[in-house]
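Structure file work-v7.cif with mmCIF, N, CA and C atoms:
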```cif
data_data
#
loop_
_atom_site.label_atom_id
_atom_site.label_comp_id
_atom_site.auth_asym_id
_atom_site.auth_seq_id
_atom_site.Cartn_x
_atom_site.Cartn_y
_atom_site.Cartn_z
N GLN M 1 21.47 -141.13 -30.47
CA GLN M 1 22.57 -140.37 -31.03
C GLN M 1 22.22 -138.89 -31.00
N VAL M 2 23.11 -138.10 -30.42
CA VAL M 2 22.89 -136.66 -30.30
C VAL M 2 23.60 -135.94 -31.44
N GLN M 3 22.90 -135.01 -32.06
CA GLN M 3 23.51 -134.15 -33.06
C GLN M 3 23.60 -132.73 -32.51
N LEU M 4 24.73 -132.09 -32.74
CA LEU M 4 24.98 -130.75 -32.26
C LEU M 4 25.35 -129.85 -33.44
N VAL M 5 24.72 -128.69 -33.51
CA VAL M 5 24.98 -127.77 -34.60
C VAL M 5 25.23 -126.38 -34.03
N GLU M 6 26.45 -125.88 -34.25
CA GLU M 6 26.81 -124.55 -33.76
C GLU M 6 26.47 -123.48 -34.79
N SER M 7 26.27 -122.28 -34.30
CA SER M 7 26.06 -121.13 -35.16
C SER M 7 26.45 -119.87 -34.40
N GLY M 8 26.55 -118.76 -35.10
CA GLY M 8 26.80 -117.48 -34.45
C GLY M 8 28.22 -116.96 -34.57
N GLY M 9 29.09 -117.74 -35.18
CA GLY M 9 30.46 -117.26 -35.35
C GLY M 9 30.53 -116.15 -36.37
N GLY M 10 31.71 -115.54 -36.46
CA GLY M 10 31.89 -114.47 -37.42
C GLY M 10 33.14 -113.67 -37.16
N LEU M 11 33.22 -112.52 -37.81
CA LEU M 11 34.36 -111.61 -37.67
C LEU M 11 33.94 -110.44 -36.80
N VAL M 12 34.74 -110.15 -35.79
CA VAL M 12 34.43 -109.05 -34.88
C VAL M 12 35.72 -108.34 -34.50
N GLN M 13 35.63 -107.08 -34.19
CA GLN M 13 36.81 -106.33 -33.76
C GLN M 13 37.10 -106.61 -32.28
N ALA M 14 38.33 -106.43 -31.92
CA ALA M 14 38.72 -106.59 -30.52
C ALA M 14 37.85 -105.67 -29.65
N GLY M 15 37.41 -106.22 -28.52
CA GLY M 15 36.53 -105.50 -27.62
C GLY M 15 35.05 -105.74 -27.89
N GLY M 16 34.76 -106.36 -29.01
CA GLY M 16 33.38 -106.63 -29.38
C GLY M 16 32.83 -107.89 -28.73
N SER M 17 31.60 -108.23 -29.11
CA SER M 17 30.91 -109.37 -28.52
C SER M 17 30.30 -110.26 -29.61
N LEU M 18 30.16 -111.51 -29.28
CA LEU M 18 29.43 -112.47 -30.11
C LEU M 18 28.71 -113.43 -29.18
N ARG M 19 27.61 -113.98 -29.67
CA ARG M 19 26.94 -115.04 -28.94
C ARG M 19 26.85 -116.26 -29.84
N LEU M 20 27.46 -117.34 -29.40
CA LEU M 20 27.39 -118.60 -30.11
C LEU M 20 26.21 -119.41 -29.60
N SER M 21 25.61 -120.16 -30.49
CA SER M 21 24.52 -121.06 -30.14
C SER M 21 24.88 -122.47 -30.58
N CYS M 22 24.37 -123.44 -29.85
CA CYS M 22 24.55 -124.84 -30.21
C CYS M 22 23.20 -125.53 -30.02
N ALA M 23 22.59 -125.93 -31.12
CA ALA M 23 21.29 -126.61 -31.07
C ALA M 23 21.50 -128.11 -31.05
N ALA M 24 20.83 -128.77 -30.12
CA ALA M 24 20.95 -130.21 -29.97
C ALA M 24 19.69 -130.92 -30.42
N SER M 25 19.87 -132.11 -30.95
CA SER M 25 18.73 -132.94 -31.32
C SER M 25 19.11 -134.41 -31.14
N GLY M 26 18.11 -135.25 -31.02
CA GLY M 26 18.34 -136.68 -30.95
C GLY M 26 18.51 -137.24 -29.56
N GLY M 27 18.38 -136.43 -28.55
CA GLY M 27 18.50 -136.92 -27.19
C GLY M 27 17.67 -136.05 -26.26
N THR M 28 17.70 -136.38 -24.98
CA THR M 28 16.99 -135.58 -23.98
C THR M 28 17.96 -134.51 -23.49
N PHE M 29 17.84 -133.32 -24.06
CA PHE M 29 18.84 -132.27 -23.86
C PHE M 29 19.07 -131.98 -22.39
N SER M 30 18.01 -131.98 -21.60
CA SER M 30 18.14 -131.59 -20.20
C SER M 30 18.99 -132.54 -19.37
N THR M 31 19.32 -133.70 -19.91
CA THR M 31 20.14 -134.67 -19.18
C THR M 31 21.62 -134.59 -19.54
N TYR M 32 21.96 -133.66 -20.42
CA TYR M 32 23.35 -133.57 -20.88
C TYR M 32 24.06 -132.36 -20.31
N ALA M 33 25.22 -132.58 -19.70
CA ALA M 33 26.13 -131.48 -19.48
C ALA M 33 26.55 -130.98 -20.85
N MET M 34 26.84 -129.69 -20.94
CA MET M 34 27.24 -129.12 -22.22
C MET M 34 28.51 -128.32 -22.04
N ALA M 35 29.32 -128.31 -23.07
CA ALA M 35 30.60 -127.62 -22.99
C ALA M 35 30.94 -126.96 -24.31
N TRP M 36 31.84 -126.00 -24.22
CA TRP M 36 32.44 -125.36 -25.39
C TRP M 36 33.95 -125.57 -25.34
N PHE M 37 34.49 -125.90 -26.49
CA PHE M 37 35.92 -125.99 -26.69
C PHE M 37 36.28 -125.10 -27.87
N ARG M 38 37.56 -124.84 -28.03
CA ARG M 38 38.00 -124.08 -29.20
C ARG M 38 39.36 -124.60 -29.66
N GLN M 39 39.60 -124.39 -30.94
CA GLN M 39 40.87 -124.79 -31.52
C GLN M 39 41.38 -123.67 -32.41
N ALA M 40 42.49 -123.09 -31.99
CA ALA M 40 43.15 -122.04 -32.75
C ALA M 40 44.09 -122.67 -33.78
N PRO M 41 44.42 -121.93 -34.83
CA PRO M 41 45.31 -122.48 -35.86
C PRO M 41 46.63 -122.95 -35.27
N GLY M 42 47.00 -124.17 -35.59
CA GLY M 42 48.26 -124.70 -35.13
C GLY M 42 48.30 -125.13 -33.68
N LYS M 43 47.15 -125.11 -33.02
CA LYS M 43 47.10 -125.47 -31.59
C LYS M 43 46.12 -126.60 -31.37
N GLU M 44 46.25 -127.25 -30.22
CA GLU M 44 45.33 -128.31 -29.86
C GLU M 44 44.00 -127.71 -29.40
N ARG M 45 42.97 -128.54 -29.48
CA ARG M 45 41.66 -128.11 -29.00
C ARG M 45 41.73 -127.89 -27.50
N ALA M 46 41.09 -126.81 -27.03
CA ALA M 46 41.18 -126.42 -25.63
C ALA M 46 39.81 -126.15 -25.04
N PHE M 47 39.68 -126.48 -23.79
CA PHE M 47 38.43 -126.25 -23.04
C PHE M 47 38.16 -124.76 -22.89
N VAL M 48 36.89 -124.39 -23.00
CA VAL M 48 36.48 -123.00 -22.79
C VAL M 48 35.53 -122.88 -21.61
N ALA M 49 34.42 -123.62 -21.65
CA ALA M 49 33.40 -123.49 -20.62
C ALA M 49 32.53 -124.74 -20.61
N ALA M 50 31.91 -125.01 -19.45
CA ALA M 50 31.01 -126.15 -19.33
C ALA M 50 29.93 -125.85 -18.31
N MET M 51 28.82 -126.54 -18.47
CA MET M 51 27.71 -126.40 -17.53
C MET M 51 27.21 -127.79 -17.16
N HIS M 52 27.00 -128.03 -15.88
CA HIS M 52 26.44 -129.28 -15.38
C HIS M 52 25.06 -129.49 -15.99
N TRP M 53 24.64 -130.76 -16.13
CA TRP M 53 23.38 -131.03 -16.80
C TRP M 53 22.19 -130.41 -16.07
N THR M 54 22.31 -130.19 -14.76
CA THR M 54 21.24 -129.53 -14.01
C THR M 54 21.27 -128.02 -14.19
N GLY M 55 22.37 -127.51 -14.73
CA GLY M 55 22.52 -126.07 -14.81
C GLY M 55 22.99 -125.44 -13.52
N ALA M 56 23.25 -126.26 -12.52
CA ALA M 56 23.56 -125.74 -11.18
C ALA M 56 24.98 -125.21 -11.06
N SER M 57 25.87 -125.63 -11.94
CA SER M 57 27.25 -125.18 -11.83
C SER M 57 27.85 -124.99 -13.20
N THR M 58 28.85 -124.14 -13.26
CA THR M 58 29.58 -123.88 -14.49
C THR M 58 31.08 -123.89 -14.21
N ARG M 59 31.83 -124.03 -15.25
CA ARG M 59 33.30 -124.01 -15.14
C ARG M 59 33.84 -123.30 -16.37
N TYR M 60 34.90 -122.52 -16.15
CA TYR M 60 35.49 -121.75 -17.23
C TYR M 60 37.00 -121.91 -17.25
N ALA M 61 37.55 -121.80 -18.44
CA ALA M 61 39.00 -121.69 -18.55
C ALA M 61 39.42 -120.34 -18.00
N ASP M 62 40.59 -120.28 -17.39
CA ASP M 62 41.06 -119.02 -16.80
C ASP M 62 41.12 -117.90 -17.83
N SER M 63 41.42 -118.25 -19.04
CA SER M 63 41.60 -117.23 -20.08
C SER M 63 40.31 -116.52 -20.47
N VAL M 64 39.16 -117.10 -20.11
CA VAL M 64 37.89 -116.48 -20.51
C VAL M 64 37.03 -116.07 -19.32
N LYS M 65 37.47 -116.36 -18.11
CA LYS M 65 36.69 -116.00 -16.92
C LYS M 65 36.44 -114.50 -16.89
N GLY M 66 35.19 -114.14 -16.59
CA GLY M 66 34.81 -112.74 -16.53
C GLY M 66 34.45 -112.14 -17.87
N ARG M 67 34.72 -112.86 -18.96
CA ARG M 67 34.39 -112.35 -20.29
C ARG M 67 33.36 -113.23 -21.00
N PHE M 68 33.40 -114.53 -20.78
CA PHE M 68 32.49 -115.47 -21.44
C PHE M 68 31.48 -116.01 -20.43
N THR M 69 30.27 -116.29 -20.91
CA THR M 69 29.24 -116.87 -20.07
C THR M 69 28.54 -118.00 -20.83
N ILE M 70 28.49 -119.16 -20.22
CA ILE M 70 27.74 -120.28 -20.80
C ILE M 70 26.36 -120.32 -20.18
N SER M 71 25.36 -120.60 -20.99
CA SER M 71 24.00 -120.72 -20.50
C SER M 71 23.26 -121.74 -21.37
N ARG M 72 22.10 -122.14 -20.89
CA ARG M 72 21.33 -123.12 -21.65
C ARG M 72 19.85 -122.80 -21.55
N ASP M 73 19.12 -123.21 -22.58
CA ASP M 73 17.66 -123.09 -22.60
C ASP M 73 17.13 -124.48 -22.96
N ASN M 74 16.70 -125.21 -21.95
CA ASN M 74 16.25 -126.58 -22.19
C ASN M 74 15.00 -126.64 -23.06
N ALA M 75 14.19 -125.60 -23.01
CA ALA M 75 12.98 -125.57 -23.84
C ALA M 75 13.34 -125.49 -25.32
N LYS M 76 14.50 -124.91 -25.61
CA LYS M 76 14.94 -124.75 -27.00
C LYS M 76 16.04 -125.74 -27.37
N ASN M 77 16.41 -126.62 -26.42
CA ASN M 77 17.49 -127.59 -26.67
C ASN M 77 18.76 -126.90 -27.17
N THR M 78 19.09 -125.80 -26.54
CA THR M 78 20.19 -124.98 -27.03
C THR M 78 21.08 -124.54 -25.87
N VAL M 79 22.37 -124.56 -26.12
CA VAL M 79 23.35 -124.00 -25.21
C VAL M 79 24.00 -122.80 -25.90
N TYR M 80 24.33 -121.79 -25.10
CA TYR M 80 24.88 -120.56 -25.63
C TYR M 80 26.25 -120.28 -25.02
N LEU M 81 27.01 -119.49 -25.75
CA LEU M 81 28.26 -118.96 -25.22
C LEU M 81 28.29 -117.48 -25.56
N GLN M 82 28.05 -116.66 -24.54
CA GLN M 82 28.14 -115.21 -24.72
C GLN M 82 29.58 -114.80 -24.52
N MET M 83 30.14 -114.17 -25.52
CA MET M 83 31.56 -113.79 -25.48
C MET M 83 31.66 -112.27 -25.57
N ASN M 84 32.17 -111.67 -24.51
CA ASN M 84 32.34 -110.22 -24.44
C ASN M 84 33.81 -109.85 -24.38
N ASN M 85 34.10 -108.61 -24.69
CA ASN M 85 35.47 -108.11 -24.64
C ASN M 85 36.43 -109.07 -25.37
N LEU M 86 36.07 -109.39 -26.57
CA LEU M 86 36.85 -110.36 -27.32
C LEU M 86 38.24 -109.84 -27.64
N LYS M 87 39.19 -110.76 -27.66
CA LYS M 87 40.59 -110.45 -27.94
C LYS M 87 41.05 -111.23 -29.17
N PRO M 88 42.07 -110.75 -29.85
CA PRO M 88 42.57 -111.50 -31.01
C PRO M 88 42.93 -112.95 -30.67
N GLU M 89 43.39 -113.18 -29.47
CA GLU M 89 43.76 -114.55 -29.08
C GLU M 89 42.55 -115.46 -28.87
N ASP M 90 41.35 -114.90 -28.95
CA ASP M 90 40.14 -115.73 -28.91
C ASP M 90 39.80 -116.31 -30.28
N THR M 91 40.53 -115.89 -31.30
CA THR M 91 40.29 -116.41 -32.64
C THR M 91 40.50 -117.92 -32.68
N ALA M 92 39.47 -118.63 -33.14
CA ALA M 92 39.52 -120.09 -33.16
C ALA M 92 38.23 -120.62 -33.77
N VAL M 93 38.23 -121.92 -34.02
CA VAL M 93 36.99 -122.63 -34.31
C VAL M 93 36.43 -123.09 -32.97
N TYR M 94 35.17 -122.77 -32.73
CA TYR M 94 34.52 -123.10 -31.48
C TYR M 94 33.58 -124.29 -31.68
N TYR M 95 33.71 -125.26 -30.78
CA TYR M 95 32.92 -126.47 -30.84
C TYR M 95 32.09 -126.63 -29.57
N CYS M 96 30.86 -127.08 -29.72
CA CYS M 96 30.13 -127.51 -28.54
C CYS M 96 30.22 -129.03 -28.45
N ALA M 97 30.07 -129.52 -27.23
CA ALA M 97 30.24 -130.94 -26.98
C ALA M 97 29.36 -131.38 -25.82
N ALA M 98 29.03 -132.66 -25.83
CA ALA M 98 28.23 -133.23 -24.75
C ALA M 98 28.78 -134.60 -24.38
N PRO M 99 28.85 -134.91 -23.09
CA PRO M 99 29.24 -136.24 -22.64
C PRO M 99 28.01 -137.16 -22.59
N HIS M 100 28.15 -138.30 -21.99
CA HIS M 100 26.98 -139.17 -21.83
C HIS M 100 25.98 -138.50 -20.90
N PRO M 101 24.71 -138.94 -20.93
CA PRO M 101 23.69 -138.31 -20.08
C PRO M 101 24.01 -138.40 -18.59
N TYR M 102 23.58 -137.41 -17.86
CA TYR M 102 23.72 -137.34 -16.40
C TYR M 102 25.18 -137.34 -15.94
N TYR M 103 26.07 -136.84 -16.79
CA TYR M 103 27.47 -136.77 -16.43
C TYR M 103 27.65 -135.87 -15.22
N SER M 104 28.33 -136.35 -14.21
CA SER M 104 28.60 -135.55 -13.01
C SER M 104 30.04 -135.71 -12.59
N GLY M 105 30.91 -136.02 -13.55
CA GLY M 105 32.32 -136.15 -13.23
C GLY M 105 32.96 -134.80 -13.01
N ASN M 106 34.26 -134.82 -12.80
CA ASN M 106 35.00 -133.59 -12.53
C ASN M 106 36.01 -133.26 -13.61
N TYR M 107 35.85 -133.88 -14.79
CA TYR M 107 36.86 -133.72 -15.83
C TYR M 107 36.30 -132.99 -17.03
N TYR M 108 35.59 -131.92 -16.77
CA TYR M 108 34.98 -131.16 -17.86
C TYR M 108 36.01 -130.66 -18.86
N GLU M 109 37.24 -130.42 -18.39
CA GLU M 109 38.26 -129.87 -19.27
C GLU M 109 38.87 -130.90 -20.22
N ASP M 110 38.56 -132.15 -19.98
CA ASP M 110 39.15 -133.24 -20.75
C ASP M 110 38.25 -133.57 -21.94
N GLU M 111 38.72 -133.34 -23.15
CA GLU M 111 37.88 -133.57 -24.32
C GLU M 111 37.50 -135.04 -24.46
N TYR M 112 38.24 -135.95 -23.87
CA TYR M 112 37.92 -137.37 -23.99
C TYR M 112 36.73 -137.78 -23.14
N GLU M 113 36.23 -136.85 -22.30
CA GLU M 113 35.00 -137.10 -21.55
C GLU M 113 33.75 -136.94 -22.40
N TYR M 114 33.91 -136.40 -23.61
CA TYR M 114 32.76 -136.01 -24.41
C TYR M 114 32.52 -137.00 -25.55
N ASP M 115 31.26 -137.35 -25.71
CA ASP M 115 30.87 -138.33 -26.72
C ASP M 115 30.35 -137.70 -28.00
N TYR M 116 29.85 -136.49 -27.91
CA TYR M 116 29.20 -135.86 -29.06
C TYR M 116 29.82 -134.48 -29.30
N TRP M 117 30.03 -134.17 -30.58
CA TRP M 117 30.65 -132.91 -30.98
C TRP M 117 29.92 -132.30 -32.16
N GLY M 118 29.88 -130.97 -32.18
CA GLY M 118 29.39 -130.28 -33.34
C GLY M 118 30.48 -130.12 -34.38
N GLN M 119 30.13 -129.47 -35.48
CA GLN M 119 31.08 -129.32 -36.58
C GLN M 119 31.96 -128.09 -36.40
N GLY M 120 31.59 -127.21 -35.49
CA GLY M 120 32.39 -126.02 -35.21
C GLY M 120 31.91 -124.79 -35.94
N THR M 121 32.21 -123.64 -35.35
CA THR M 121 31.91 -122.35 -35.97
C THR M 121 33.12 -121.44 -35.77
N GLN M 122 33.49 -120.72 -36.83
CA GLN M 122 34.69 -119.91 -36.80
C GLN M 122 34.42 -118.56 -36.14
N VAL M 123 35.31 -118.21 -35.22
CA VAL M 123 35.30 -116.88 -34.61
C VAL M 123 36.64 -116.23 -34.92
N THR M 124 36.59 -115.06 -35.51
CA THR M 124 37.80 -114.32 -35.84
C THR M 124 37.72 -112.94 -35.22
N VAL M 125 38.73 -112.60 -34.41
CA VAL M 125 38.76 -111.31 -33.73
C VAL M 125 39.93 -110.52 -34.30
N SER M 126 39.61 -109.38 -34.89
CA SER M 126 40.65 -108.54 -35.48
C SER M 126 41.13 -107.50 -34.48
N SER M 127 42.40 -107.14 -34.60
CA SER M 127 42.98 -106.16 -33.67
C SER M 127 42.81 -104.74 -34.18
#
```

As structure tokens:
Amino acid sequence: QVQLVESGGGLVQAGGSLRLSCAASGGTFSTYAMAWFRQAPGKERAFVAAMHWTGASTRYADSVKGRFTISRDNAKNTVYLQMNNLKPEDTAVYYCAAPHPYYSGNYYEDEYEYDYWGQGTQVTVSS
């Protein structure tokens, strides 16, 4: 059983930056693809970014391309989401997620591909 714990959320002004972290435990971190999703008030949870378990490829939602970067540190069992040039529409609860080990499917954007979820961290961007 994998446990995921996010941190790094907070309040930031538009144009600012935040780095979210997600610490994993209970599994072999290097075998898990990792992803970030977010859920804004009154909206469904939406895909943000994902990284293949090898780290060889990444995928981003169009709305964050060029502004957000997903990365991982297998030595620290942690995945990061660097968020730059933040906009008020980025305000949401951000969740990290992991599918089963060695996932190599093509449905990173589908939340039903993921077996493990963190509790979320709030990001609020003021205008």

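The residue that comes closest to M:Cys96, out of M:Gly8, M:Gly55, M:Gly118, M:Gly15 and on the basis of all atoms listed in the file, is M:Gly118.
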
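Atom pair atom C of M:Glu111 / atom CA of M:Pro99: separated by 8.5 Å.
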
- the PyMOL selection byres ((chain M and resi 54) around 7) applied to the shown file, residues as a PyMOL selection string: chain M and resi 30-33+51-53+55-57

- Task: Calculate how many Å separate atom CA of M:Gly66 from atom CA of M:Asp115, rounding to one decimal.
- Result: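 Taking atom CA of M:Gly66 and atom CA of M:Asp115, their separation equals 27.8 Å.
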
- Which one is closest to M:Glu113: M:Leu4, M:Ala49, M:Ala97, M:Ile70? Count all atoms listed in the file. M:Ala97
